[in-house]
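Written out below as structure tokens is the structure these notes cover.
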Amino acid sequence: MGGDLRRPGRKPMISREYEFHAPKTLNEALSLLEKSGGNAKLIAGGMSLVPMMTLGLAHPDAVISLNKVPGLDGVKEDGGVLAIGAMTRHHVLKTNPLIAQHAPLLAEAAKYVGDVQVRHRGTLGGVLVHADPAADYLPVCLALGAQIKLQSAKGVRTVEARDFFKDIMTTSIEDGEILVEVRVPKLPAGSGSSYQRLHRVEGNYAIVNAAAVVEPGKKKGRVALGGVGPTPVMIDVSAHIASGVSDDALRRVSDAAFAAAENAYGDLNGDAKYKQAMARVYAQRVVRAAAAQAQ
Ligand SMILES: Cc1cc2nc3c(=O)[nH]c(=O)nc-3n(C[C@H](O)[C@H](O)[C@H](O)COP(=O)(O)OP(=O)(O)OC[C@H]3O[C@@H](n4cnc5c(N)ncnc54)[C@H](O)[C@@H]3O)c2cc1C
């Protein structure tokens, strides 16, 4: 594939030839990936990979689709954990009753992702591996204490979400590995949570985003922030809120968020100082909202 040029002088959108595979089992996908020696790309929803290929930022020799591999999507209960398949689409995260009950932060975040088309194609696994620093699920997965399950031909390993993101669009996934599942501990009854984001235009990526969980009893909590550096950052706010979620406590949360956003960088959406300032605002907002929900 890669460009059947019907008219002379026309250039293909994706200028490089590549092989396309649509394996029907996970083992087949893993063996194709292993044989490629690192020169293949998996495709899930294609919402980020295809633009990357069109722009010439990714030029794999082969593209391996996960869309015909059974068992990689859906949300299941596994004791105290929700096991969410990597191929679960944003629309499912937004509407699934188990997510609404046990991990509502994911549903709140999913409703912001792109537009209707993107939400019906794009996947949880695709977002996490693409690892855009302002993607909606990154701080959510940190705040929820999610674990990322990776499978290769050699076996399975699990990485804590807080250790998964290494740099801008760089994760700890290795050549030959497929992200197969995201394991999210169910929030205990009486917890409060909130996800909020700053964006200029609906359907665009966030500029800064924040997810908070406040545990039952309101003595313990955490906030994760995205868009304020190459990777999401997490703050344990328990010490600040232990004596109540007062204005003083929120000021301390705000100071901690400002410090945690020290690696914020400027881009078209604003300079580093602006993003650090927004880290203050959004950390306070999500902690206040999560605490108001918690019992
Ligand atoms: C117009 C538009 C607006 C958007 N707005 C937002 C937004 O507001 N917020 C947001 O968070 N995102 C946004 N996105 C990105 C969207 O969420 C994508 O769905 C996501 O980034 C990639 O998911 P995908 O399933 O399409 O992955 P793909 O594009 O298919 O893949 C992305 C990368 O992940 C790898 N990959 C995919 N699945 C796996 C797997 N299971 N194991 C290992 N590697 C894998 C691929 O090889 C590739 O490198 C937007 C995208 C578009 C086009």
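We name chains A, B, ... following the order of the structure tokens; residues begin at 1 in each chain, and ligands are numbered from 1 as shown.
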
Worksheet entry | alpha helix (DSSP H) positions in range 119-230 of chain A, given as a PyMOL selection string | chain A and resi 119-121+124-130+137-144+161-164

Take the selection from the previous step and output its residues with N, CA and C atoms, as a PDB file, in the first residue's frame.
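Once everything was written out, this is part_36.pdb:
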ATOM      1  N   ARG A 119     -14.133   9.777  18.887  1.00  0.00           N
ATOM      2  CA  ARG A 119     -14.517   8.952  20.048  1.00  0.00           C
ATOM      3  C   ARG A 119     -15.009   7.564  19.638  1.00  0.00           C
ATOM      4  N   HIS A 120     -15.476   7.421  18.417  1.00  0.00           N
ATOM      5  CA  HIS A 120     -15.912   6.092  17.974  1.00  0.00           C
ATOM      6  C   HIS A 120     -14.778   5.267  17.377  1.00  0.00           C
ATOM      7  N   ARG A 121     -13.654   5.882  17.041  1.00  0.00           N
ATOM      8  CA  ARG A 121     -12.523   5.127  16.471  1.00  0.00           C
ATOM      9  C   ARG A 121     -11.373   4.986  17.469  1.00  0.00           C
ATOM     10  N   LEU A 124      -8.375   3.542  24.109  1.00  0.00           N
ATOM     11  CA  LEU A 124      -7.629   3.832  25.342  1.00  0.00           C
ATOM     12  C   LEU A 124      -6.146   3.489  25.157  1.00  0.00           C
ATOM     13  N   GLY A 125      -5.874   2.299  24.618  1.00  0.00           N
ATOM     14  CA  GLY A 125      -4.474   1.882  24.432  1.00  0.00           C
ATOM     15  C   GLY A 125      -3.726   2.826  23.510  1.00  0.00           C
ATOM     16  N   GLY A 126      -4.401   3.271  22.444  1.00  0.00           N
ATOM     17  CA  GLY A 126      -3.761   4.182  21.486  1.00  0.00           C
ATOM     18  C   GLY A 126      -3.359   5.491  22.145  1.00  0.00           C
ATOM     19  N   VAL A 127      -4.236   6.027  22.993  1.00  0.00           N
ATOM     20  CA  VAL A 127      -3.919   7.291  23.684  1.00  0.00           C
ATOM     21  C   VAL A 127      -2.699   7.100  24.586  1.00  0.00           C
ATOM     22  N   LEU A 128      -2.684   5.985  25.328  1.00  0.00           N
ATOM     23  CA  LEU A 128      -1.603   5.804  26.312  1.00  0.00           C
ATOM     24  C   LEU A 128      -0.261   5.602  25.620  1.00  0.00           C
ATOM     25  N   VAL A 129      -0.248   4.855  24.521  1.00  0.00           N
ATOM     26  CA  VAL A 129       1.037   4.619  23.841  1.00  0.00           C
ATOM     27  C   VAL A 129       1.464   5.862  23.053  1.00  0.00           C
ATOM     28  N   HIS A 130       0.508   6.573  22.480  1.00  0.00           N
ATOM     29  CA  HIS A 130       0.856   7.813  21.761  1.00  0.00           C
ATOM     30  C   HIS A 130       1.431   8.836  22.747  1.00  0.00           C
ATOM     31  N   TYR A 137      -6.505  10.984  29.128  1.00  0.00           N
ATOM     32  CA  TYR A 137      -6.451   9.850  30.074  1.00  0.00           C
ATOM     33  C   TYR A 137      -5.168   9.780  30.890  1.00  0.00           C
ATOM     34  N   LEU A 138      -4.153  10.563  30.529  1.00  0.00           N
ATOM     35  CA  LEU A 138      -2.870  10.390  31.231  1.00  0.00           C
ATOM     36  C   LEU A 138      -2.979  10.744  32.715  1.00  0.00           C
ATOM     37  N   PRO A 139      -3.429  11.964  33.059  1.00  0.00           N
ATOM     38  CA  PRO A 139      -3.561  12.249  34.494  1.00  0.00           C
ATOM     39  C   PRO A 139      -4.620  11.379  35.165  1.00  0.00           C
ATOM     40  N   VAL A 140      -5.650  11.011  34.410  1.00  0.00           N
ATOM     41  CA  VAL A 140      -6.717  10.173  34.979  1.00  0.00           C
ATOM     42  C   VAL A 140      -6.141   8.816  35.403  1.00  0.00           C
ATOM     43  N   CYS A 141      -5.335   8.220  34.531  1.00  0.00           N
ATOM     44  CA  CYS A 141      -4.759   6.904  34.862  1.00  0.00           C
ATOM     45  C   CYS A 141      -3.827   7.000  36.073  1.00  0.00           C
ATOM     46  N   LEU A 142      -3.090   8.114  36.190  1.00  0.00           N
ATOM     47  CA  LEU A 142      -2.224   8.278  37.365  1.00  0.00           C
ATOM     48  C   LEU A 142      -3.066   8.399  38.632  1.00  0.00           C
ATOM     49  N   ALA A 143      -4.079   9.266  38.575  1.00  0.00           N
ATOM     50  CA  ALA A 143      -4.891   9.505  39.780  1.00  0.00           C
ATOM     51  C   ALA A 143      -5.624   8.239  40.213  1.00  0.00           C
ATOM     52  N   LEU A 144      -5.998   7.398  39.239  1.00  0.00           N
ATOM     53  CA  LEU A 144      -6.726   6.167  39.578  1.00  0.00           C
ATOM     54  C   LEU A 144      -5.787   5.037  39.998  1.00  0.00           C
ATOM     55  N   ALA A 161       0.952   3.016  35.949  1.00  0.00           N
ATOM     56  CA  ALA A 161       0.779   4.160  35.034  1.00  0.00           C
ATOM     57  C   ALA A 161       1.779   5.267  35.365  1.00  0.00           C
ATOM     58  N   ARG A 162       2.070   5.465  36.667  1.00  0.00           N
ATOM     59  CA  ARG A 162       2.976   6.576  37.026  1.00  0.00           C
ATOM     60  C   ARG A 162       4.402   6.338  36.513  1.00  0.00           C
ATOM     61  N   ASP A 163       4.742   5.072  36.173  1.00  0.00           N
ATOM     62  CA  ASP A 163       6.087   4.778  35.648  1.00  0.00           C
ATOM     63  C   ASP A 163       6.091   4.590  34.130  1.00  0.00           C
ATOM     64  N   PHE A 164       4.917   4.642  33.521  1.00  0.00           N
ATOM     65  CA  PHE A 164       4.802   4.282  32.097  1.00  0.00           C
ATOM     66  C   PHE A 164       5.262   5.413  31.178  1.00  0.00           C
TER      67      PHE A 164
END

Worksheet entry | Nearby residues, ligand 1, 7 Å, only C-alpha atoms and all ligand atoms, as number ranges by chain | A: 41-50, 86-87, 112-115, 118-119, 121-127, 129-130, 134-137, 177-180, 203-206

Worksheet entry | Top pick for closest residue to Asp271 in chain A, considering A:Gly227, A:Asp132, A:Gln147, A:Gln117 and counting only C-alpha atoms |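 That would be A:Gly227, the residue with the smallest distance to Asp271 in chain A.
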
Worksheet entry | Filtered DSSP result for range 103-166 of chain A, state strand (DSSP E or B), as a PyMOL selection string | chain A and resi 123+147-152+155-160+165-166

Dump as a PDB file, in the first residue's frame, selection limited to C-alpha atoms:
ATOM      1  CA  THR A 123      -8.879   3.698  21.769  1.00  0.00           C
ATOM      2  CA  GLN A 147      -1.662  -0.496  35.803  1.00  0.00           C
ATOM      3  CA  ILE A 148      -0.707  -1.063  32.182  1.00  0.00           C
ATOM      4  CA  LYS A 149      -0.483  -4.673  31.014  1.00  0.00           C
ATOM      5  CA  LEU A 150       1.967  -5.301  28.182  1.00  0.00           C
ATOM      6  CA  GLN A 151       2.331  -8.549  26.279  1.00  0.00           C
ATOM      7  CA  SER A 152       5.126  -9.727  24.008  1.00  0.00           C
ATOM      8  CA  GLY A 155       5.390 -13.035  28.187  1.00  0.00           C
ATOM      9  CA  VAL A 156       3.413 -10.427  30.108  1.00  0.00           C
ATOM     10  CA  ARG A 157       4.545  -7.568  32.325  1.00  0.00           C
ATOM     11  CA  THR A 158       2.644  -4.900  34.196  1.00  0.00           C
ATOM     12  CA  VAL A 159       3.782  -1.304  34.648  1.00  0.00           C
ATOM     13  CA  GLU A 160       2.264   1.260  37.019  1.00  0.00           C
ATOM     14  CA  PHE A 165       5.285   7.805  30.692  1.00  0.00           C
ATOM     15  CA  LYS A 166       8.950   8.622  30.159  1.00  0.00           C
TER      16      LYS A 166
END

Worksheet item: How many Å lie between CA of Asp248 in chain A and CA of Arg197 in chain A, rounded to one decimal?
Response: 23.0 Å

Worksheet item: For Lys218 in chain A, which of A:Val184, A:Ala289, A:Leu30, A:Val92 is the closest residue, counting only C-alpha atoms?
Response: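 Residue with the minimum atom-to-atom distance to Lys218 in chain A: A:Ala289.
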
Worksheet, complete the sentence: Residue with the minimum atom-to-atom distance to Pro232 in chain A, picked from A:Glu215, A:Glu262, A:Glu77, A:Asp255 with only C-alpha atoms counted, is A:Glu262

Worksheet item: At what distance in Å, to one decimal, does CA of Asn27 in chain A lie from CA of Asn67 in chain A?
Response: 14.0 Å

Item to complete: Can you work out which one of A:Asn269, A:His199, A:Ala260, A:Ser193 has the shortest atom-to-atom distance to Arg285 in chain A, counting only C-alpha atoms?
Response: A:Ser193

Item to complete: Point out the residue among A:Val214, A:Ile64, A:Ala131, A:Leu93 with the least atom-to-atom distance to Gln295 in chain A, counting only C-alpha atoms.
Response: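 Once distances to Gln295 in chain A are computed over only C-alpha atoms, the minimum belongs to A:Val214.
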
Worksheet item: When distances are computed from only C-alpha atoms, which of A:Val281, A:Ala58, A:Leu82, A:Val116 shows the smallest separation from Ala256 in chain A?
Response: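 Smallest distance to Ala256 in chain A is found for A:Val281.
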
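As for CA of Gly217 in chain A and CA of Ala242 in chain A, they are spaced 9.4 Å apart.
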